[in-house]
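Asks: Handing you this structure, nothing more for now.
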Amino acid sequence: MRFGVHMPQKGGFEKNVKRAAEIGCRTIQIFPGNPTGWKMGKLDQSAIEKRADLLDRADIAPLVVHSAYLINLASSNQEFLVKSKQLLDETMERAGFYRAPYVILHTGNHGGRGVEKGIAQIIGSIGEGLSKWPDSVMLLLENTAGSGTALGANFEELSEILKSFPKGKLGTCFDTAHGWAAGYDIGSAAAAGKVLDEFDRVVGLENLHVVHVNDTKVKCGSRVDRHAHIGEGSISLEGFGVILNYGWPNNFPFILETPENGTDWDRTNLLTLKGLVDK
Ligand SMILES: [Zn+2]
Ligand SMILES: [Zn+2]
């Protein structure tokens with residue numbers, strides 16, 4: 001297993017990678033541009049080479065790219081949908097340049113049109129994108145907390161999208177805080193094991209490539225997306241322990257998206273997680 005954090009953009013890539021290595025990160029997640037904007041920053045080939053070298057030397061891999069929050073492949077607004085597809089195309093291309101194997105995407109919001117229509121449009125949009133995206137980059141759908149009309153809160157919806165494509169073309173990311181908010185009880189050892197078994201049965205663990213390991217203070221099933229530091233929320237350390245020790249492939253990435261990423265909290269959260277791994 002490899003533990004890492006979502007890296008803030010403030011301070012620049014180089015400074016943040018050095019800091020990540022120093023606190024013991026072996027993997028990191030970044031936004032490729034402004035997470036709440038439609039525009040991506042300029043692409044500079046020499047900067048890209050420098051970034052890749054830096055990660056190689058620090059033995060930080062995989063580099064995971066999280067796409068902008070605005071992207072909604074289930075949008076009923078045509079203009080919004082076109083912009084979403086464009087930005088996702090750019091993000092996939094950028095991840096290829098960064099040599100990042102994964103781009104994470106929030107599944108989407110159907111906006112009141114219903115689950116079926118929303119999912120059909122997501123499948124259509126991904127189908128259009130796949131032929132254009134670099135083969136070295138896999139799109140991972142992240143489970144959501146299920147707030148409002150968010151799709152992908154339950155494993156069945158993720159599975160339905162995945163099964164529309166050849167095996168291995170598309171993957172998933174499981175966020176513990178979102179799972180809890182969506183009603184998956186991972187708060188005790190017995191319950192957490194059952195949730196992972198269910199994920200395996202419905203989606204298939206071979207289709208899971210990243211875990212976002214976040215605590216949350218909200219109630220299980222509340223559908224509220226709010227992250228907390230590990231051990232400060234409602235998901236017990238016992239539950240996290242079962243998830244971490246479920247039997248993952250070597251180098252499987254666990255990424256913290258806890259409040260105040262980029263502060264001393266990262267070091268604390270990483271130490272808490274590492275302390276839960278069976279020796
Ligand atoms: Zn997440
Ligand atoms: Zn979240």
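Identifiers for the structure tokens are assigned positionally: chains receive A, B, ... in sequence, residues are indexed from 1 per chain, and ligands are indexed from 1 in the order shown.
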How would you write, as a list in words, the set of residues no farther than 7 Å from ligand 1 when counting only C-alpha atoms and all ligand atoms?

Replies: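 The residues within 7 Å of ligand 1, counting only C-alpha atoms and all ligand atoms, are Glu142, Asp175, His212 and Glu257 of chain A.
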
Asks: Would you export the selected residues with all heavy atoms as a tab-separated table (two decimals), in the first residue's frame, please?

Replies:
chain	number	residue	atom	x	y	z
A	142	GLU	N	-15.78	8.27	-9.14
A	142	GLU	CA	-15.75	8.25	-7.67
A	142	GLU	C	-17.17	8.13	-7.14
A	142	GLU	O	-18.08	8.82	-7.61
A	142	GLU	CB	-15.09	9.54	-7.16
A	142	GLU	CG	-15.11	9.64	-5.64
A	142	GLU	CD	-14.26	10.79	-5.10
A	142	GLU	OE1	-13.62	11.49	-5.90
A	142	GLU	OE2	-14.27	10.97	-3.88
A	175	ASP	N	-14.47	6.56	-2.00
A	175	ASP	CA	-14.23	7.55	-0.95
A	175	ASP	C	-14.98	7.09	0.30
A	175	ASP	O	-16.20	6.93	0.27
A	175	ASP	CB	-14.72	8.93	-1.44
A	175	ASP	CG	-14.39	10.04	-0.46
A	175	ASP	OD1	-14.76	9.92	0.72
A	175	ASP	OD2	-13.78	11.03	-0.89
A	212	HIS	N	-10.00	6.99	-1.45
A	212	HIS	CA	-9.90	8.25	-0.73
A	212	HIS	C	-10.25	7.95	0.71
A	212	HIS	O	-11.38	7.57	1.00
A	212	HIS	CB	-10.89	9.28	-1.28
A	212	HIS	CG	-10.44	9.91	-2.55
A	212	HIS	ND1	-11.29	10.62	-3.37
A	212	HIS	CD2	-9.22	9.96	-3.14
A	212	HIS	CE1	-10.60	11.07	-4.41
A	212	HIS	NE2	-9.36	10.68	-4.29
A	257	GLU	N	-7.95	13.17	1.75
A	257	GLU	CA	-8.51	14.46	1.32
A	257	GLU	C	-9.15	15.09	2.54
A	257	GLU	O	-10.33	15.40	2.57
A	257	GLU	CB	-9.60	14.25	0.28
A	257	GLU	CG	-9.14	13.74	-1.06
A	257	GLU	CD	-10.33	13.44	-1.96
A	257	GLU	OE1	-11.32	12.85	-1.47
A	257	GLU	OE2	-10.27	13.80	-3.12

Asks: List every residue of region 39-164 of chain A that DSSP, applied to the backbone, labels as strand (DSSP E or B), and write the result as a PDB file with N, CA, C and O atoms, in the first residue's frame.

Replies:
ATOM      1  N   LEU A  63       0.859   9.269  -9.473  1.00  0.00           N
ATOM      2  CA  LEU A  63       0.346  10.632  -9.404  1.00  0.00           C
ATOM      3  C   LEU A  63      -1.110  10.533  -9.861  1.00  0.00           C
ATOM      4  O   LEU A  63      -1.390  10.013 -10.939  1.00  0.00           O
ATOM      5  N   VAL A  64      -2.021  10.984  -9.007  1.00  0.00           N
ATOM      6  CA  VAL A  64      -3.447  10.889  -9.327  1.00  0.00           C
ATOM      7  C   VAL A  64      -3.972  12.295  -9.634  1.00  0.00           C
ATOM      8  O   VAL A  64      -3.699  13.232  -8.882  1.00  0.00           O
ATOM      9  N   VAL A  65      -4.705  12.438 -10.728  1.00  0.00           N
ATOM     10  CA  VAL A  65      -5.271  13.738 -11.098  1.00  0.00           C
ATOM     11  C   VAL A  65      -6.760  13.747 -10.765  1.00  0.00           C
ATOM     12  O   VAL A  65      -7.493  12.823 -11.143  1.00  0.00           O
ATOM     13  N   HIS A  66      -7.196  14.739 -10.010  1.00  0.00           N
ATOM     14  CA  HIS A  66      -8.632  14.887  -9.705  1.00  0.00           C
ATOM     15  C   HIS A  66      -9.200  15.971 -10.619  1.00  0.00           C
ATOM     16  O   HIS A  66      -8.718  17.091 -10.616  1.00  0.00           O
ATOM     17  N   TYR A 102      -4.202   7.869 -13.610  1.00  0.00           N
ATOM     18  CA  TYR A 102      -5.626   7.961 -13.261  1.00  0.00           C
ATOM     19  C   TYR A 102      -6.135   9.398 -13.228  1.00  0.00           C
ATOM     20  O   TYR A 102      -5.451  10.293 -12.732  1.00  0.00           O
ATOM     21  N   VAL A 103      -7.366   9.567 -13.734  1.00  0.00           N
ATOM     22  CA  VAL A 103      -8.106  10.823 -13.553  1.00  0.00           C
ATOM     23  C   VAL A 103      -9.398  10.474 -12.827  1.00  0.00           C
ATOM     24  O   VAL A 103     -10.147   9.593 -13.265  1.00  0.00           O
ATOM     25  N   ILE A 104      -9.643  11.155 -11.711  1.00  0.00           N
ATOM     26  CA  ILE A 104     -10.847  10.881 -10.925  1.00  0.00           C
ATOM     27  C   ILE A 104     -11.944  11.879 -11.280  1.00  0.00           C
ATOM     28  O   ILE A 104     -11.693  13.072 -11.418  1.00  0.00           O
ATOM     29  N   LEU A 105     -13.151  11.346 -11.446  1.00  0.00           N
ATOM     30  CA  LEU A 105     -14.294  12.178 -11.829  1.00  0.00           C
ATOM     31  C   LEU A 105     -15.482  11.887 -10.905  1.00  0.00           C
ATOM     32  O   LEU A 105     -15.814  10.721 -10.668  1.00  0.00           O
ATOM     33  N   HIS A 106     -16.121  12.950 -10.403  1.00  0.00           N
ATOM     34  CA  HIS A 106     -17.377  12.754  -9.667  1.00  0.00           C
ATOM     35  C   HIS A 106     -18.431  12.360 -10.713  1.00  0.00           C
ATOM     36  O   HIS A 106     -18.527  12.999 -11.767  1.00  0.00           O
ATOM     37  N   ASN A 109     -24.485  14.847 -11.741  1.00  0.00           N
ATOM     38  CA  ASN A 109     -25.805  15.139 -11.160  1.00  0.00           C
ATOM     39  C   ASN A 109     -26.844  15.156 -12.279  1.00  0.00           C
ATOM     40  O   ASN A 109     -26.660  15.870 -13.270  1.00  0.00           O
ATOM     41  N   MET A 138      -6.487   6.163 -17.222  1.00  0.00           N
ATOM     42  CA  MET A 138      -7.805   5.557 -16.993  1.00  0.00           C
ATOM     43  C   MET A 138      -8.687   6.523 -16.206  1.00  0.00           C
ATOM     44  O   MET A 138      -8.234   7.132 -15.237  1.00  0.00           O
ATOM     45  N   LEU A 139      -9.923   6.669 -16.658  1.00  0.00           N
ATOM     46  CA  LEU A 139     -10.884   7.499 -15.932  1.00  0.00           C
ATOM     47  C   LEU A 139     -11.475   6.673 -14.786  1.00  0.00           C
ATOM     48  O   LEU A 139     -11.935   5.550 -14.997  1.00  0.00           O
ATOM     49  N   LEU A 140     -11.460   7.233 -13.573  1.00  0.00           N
ATOM     50  CA  LEU A 140     -12.027   6.546 -12.407  1.00  0.00           C
ATOM     51  C   LEU A 140     -13.255   7.314 -11.924  1.00  0.00           C
ATOM     52  O   LEU A 140     -13.167   8.503 -11.613  1.00  0.00           O
ATOM     53  N   LEU A 141     -14.389   6.634 -11.867  1.00  0.00           N
ATOM     54  CA  LEU A 141     -15.599   7.257 -11.326  1.00  0.00           C
ATOM     55  C   LEU A 141     -15.571   7.131  -9.813  1.00  0.00           C
ATOM     56  O   LEU A 141     -15.381   6.041  -9.279  1.00  0.00           O
ATOM     57  N   GLU A 142     -15.776   8.266  -9.138  1.00  0.00           N
ATOM     58  CA  GLU A 142     -15.751   8.250  -7.672  1.00  0.00           C
ATOM     59  C   GLU A 142     -17.172   8.132  -7.137  1.00  0.00           C
ATOM     60  O   GLU A 142     -18.077   8.815  -7.614  1.00  0.00           O
ATOM     61  N   ALA A 150     -27.132  13.758  -7.083  1.00  0.00           N
ATOM     62  CA  ALA A 150     -25.847  13.141  -7.429  1.00  0.00           C
ATOM     63  C   ALA A 150     -26.009  11.661  -7.760  1.00  0.00           C
ATOM     64  O   ALA A 150     -26.687  10.918  -7.052  1.00  0.00           O
TER      65      ALA A 150
END

Asks: Given only C-alpha atoms as the basis, pick out the residue of A:Asn34, A:Asn261, A:Ser188, A:Thr272 nearest to Ala20 (chain A).

Replies: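 Looking only at the distances to Ala20 (chain A), the closest residue turns out to be A:Asn261.
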
Asks: With a distance cut-off of 9 Å and only C-alpha atoms, select the neighbouring residues of Ile230 (chain A), excluding the residue or stretch itself and same-chain residues fewer than 6 positions from it, and output the selection as a compact mmCIF listing (two decimals) with N, CA, C and O atoms, in the first residue's frame.

Replies:
# COMPACT_ATOMS: atom_id res chain seq x y z
N VAL A 213 -9.28 8.09 1.58
CA VAL A 213 -9.49 7.68 2.95
C VAL A 213 -9.72 8.93 3.81
O VAL A 213 -8.80 9.66 4.13
N ASN A 214 -11.00 9.19 4.04
CA ASN A 214 -11.42 10.39 4.77
C ASN A 214 -12.41 10.01 5.86
O ASN A 214 -13.25 9.15 5.65
N ASP A 215 -12.30 10.68 7.01
CA ASP A 215 -13.30 10.51 8.05
C ASP A 215 -14.37 11.59 7.84
O ASP A 215 -14.20 12.49 7.01
N THR A 216 -15.48 11.49 8.55
CA THR A 216 -16.55 12.49 8.45
C THR A 216 -17.36 12.49 9.74
O THR A 216 -17.52 11.44 10.37
N SER A 236 -15.14 4.70 12.75
CA SER A 236 -14.19 4.33 13.80
C SER A 236 -12.85 3.92 13.21
O SER A 236 -12.75 3.52 12.05
N LEU A 237 -11.80 4.00 14.03
CA LEU A 237 -10.48 3.54 13.61
C LEU A 237 -10.53 2.05 13.29
O LEU A 237 -9.82 1.56 12.42
N PHE A 240 -11.67 1.77 9.74
CA PHE A 240 -10.55 2.10 8.84
C PHE A 240 -9.53 0.95 8.82
O PHE A 240 -8.98 0.63 7.77
N LEU A 256 -5.43 10.81 1.27
CA LEU A 256 -6.17 11.62 2.25
C LEU A 256 -6.66 12.91 1.60
O LEU A 256 -5.88 13.63 0.99
N THR A 258 -8.34 15.22 3.58
CA THR A 258 -8.84 15.71 4.85
C THR A 258 -8.75 17.24 4.88
O THR A 258 -8.06 17.82 4.06
N THR A 268 -0.03 14.08 10.74
CA THR A 268 -0.80 13.41 11.80
C THR A 268 -1.71 12.34 11.21
O THR A 268 -1.75 11.20 11.68
N ASN A 269 -2.46 12.69 10.16
CA ASN A 269 -3.38 11.73 9.54
C ASN A 269 -2.64 10.54 8.94
O ASN A 269 -3.09 9.39 9.05
N LEU A 270 -1.49 10.79 8.31
CA LEU A 270 -0.70 9.71 7.72
C LEU A 270 -0.22 8.75 8.81
O LEU A 270 -0.27 7.53 8.65
N THR A 272 -1.58 8.24 11.72
CA THR A 272 -2.73 7.49 12.25
C THR A 272 -3.04 6.30 11.34
O THR A 272 -3.23 5.18 11.81
N LEU A 273 -3.07 6.54 10.03
CA LEU A 273 -3.37 5.46 9.08
C LEU A 273 -2.32 4.36 9.14
O LEU A 273 -2.64 3.18 9.22

Asks: Kindly work out which residues sit at most 8 Å from ligand 2, using only C-alpha atoms and all ligand atoms, and give the list as a list in words.

Replies: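 Answer in the requested format: Thr144, Ala145, Asp175, Ala177, His178, Asp225, Arg226, His227 and Glu257 of chain A.
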
Asks: In terms of the shortest atom-to-atom distance over only C-alpha atoms, which of A:Ala95, A:Ile28, A:Val5, A:Ala191 is closest to Leu43 (chain A)?

Replies: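 Closest residue, counting only C-alpha atoms: A:Ala95.
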
Asks: In Å, with one decimal, what is the gap from CA of Val218 (chain A) to CA of Gly187 (chain A)?

Replies: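 These atoms are spaced 12.1 Å apart.
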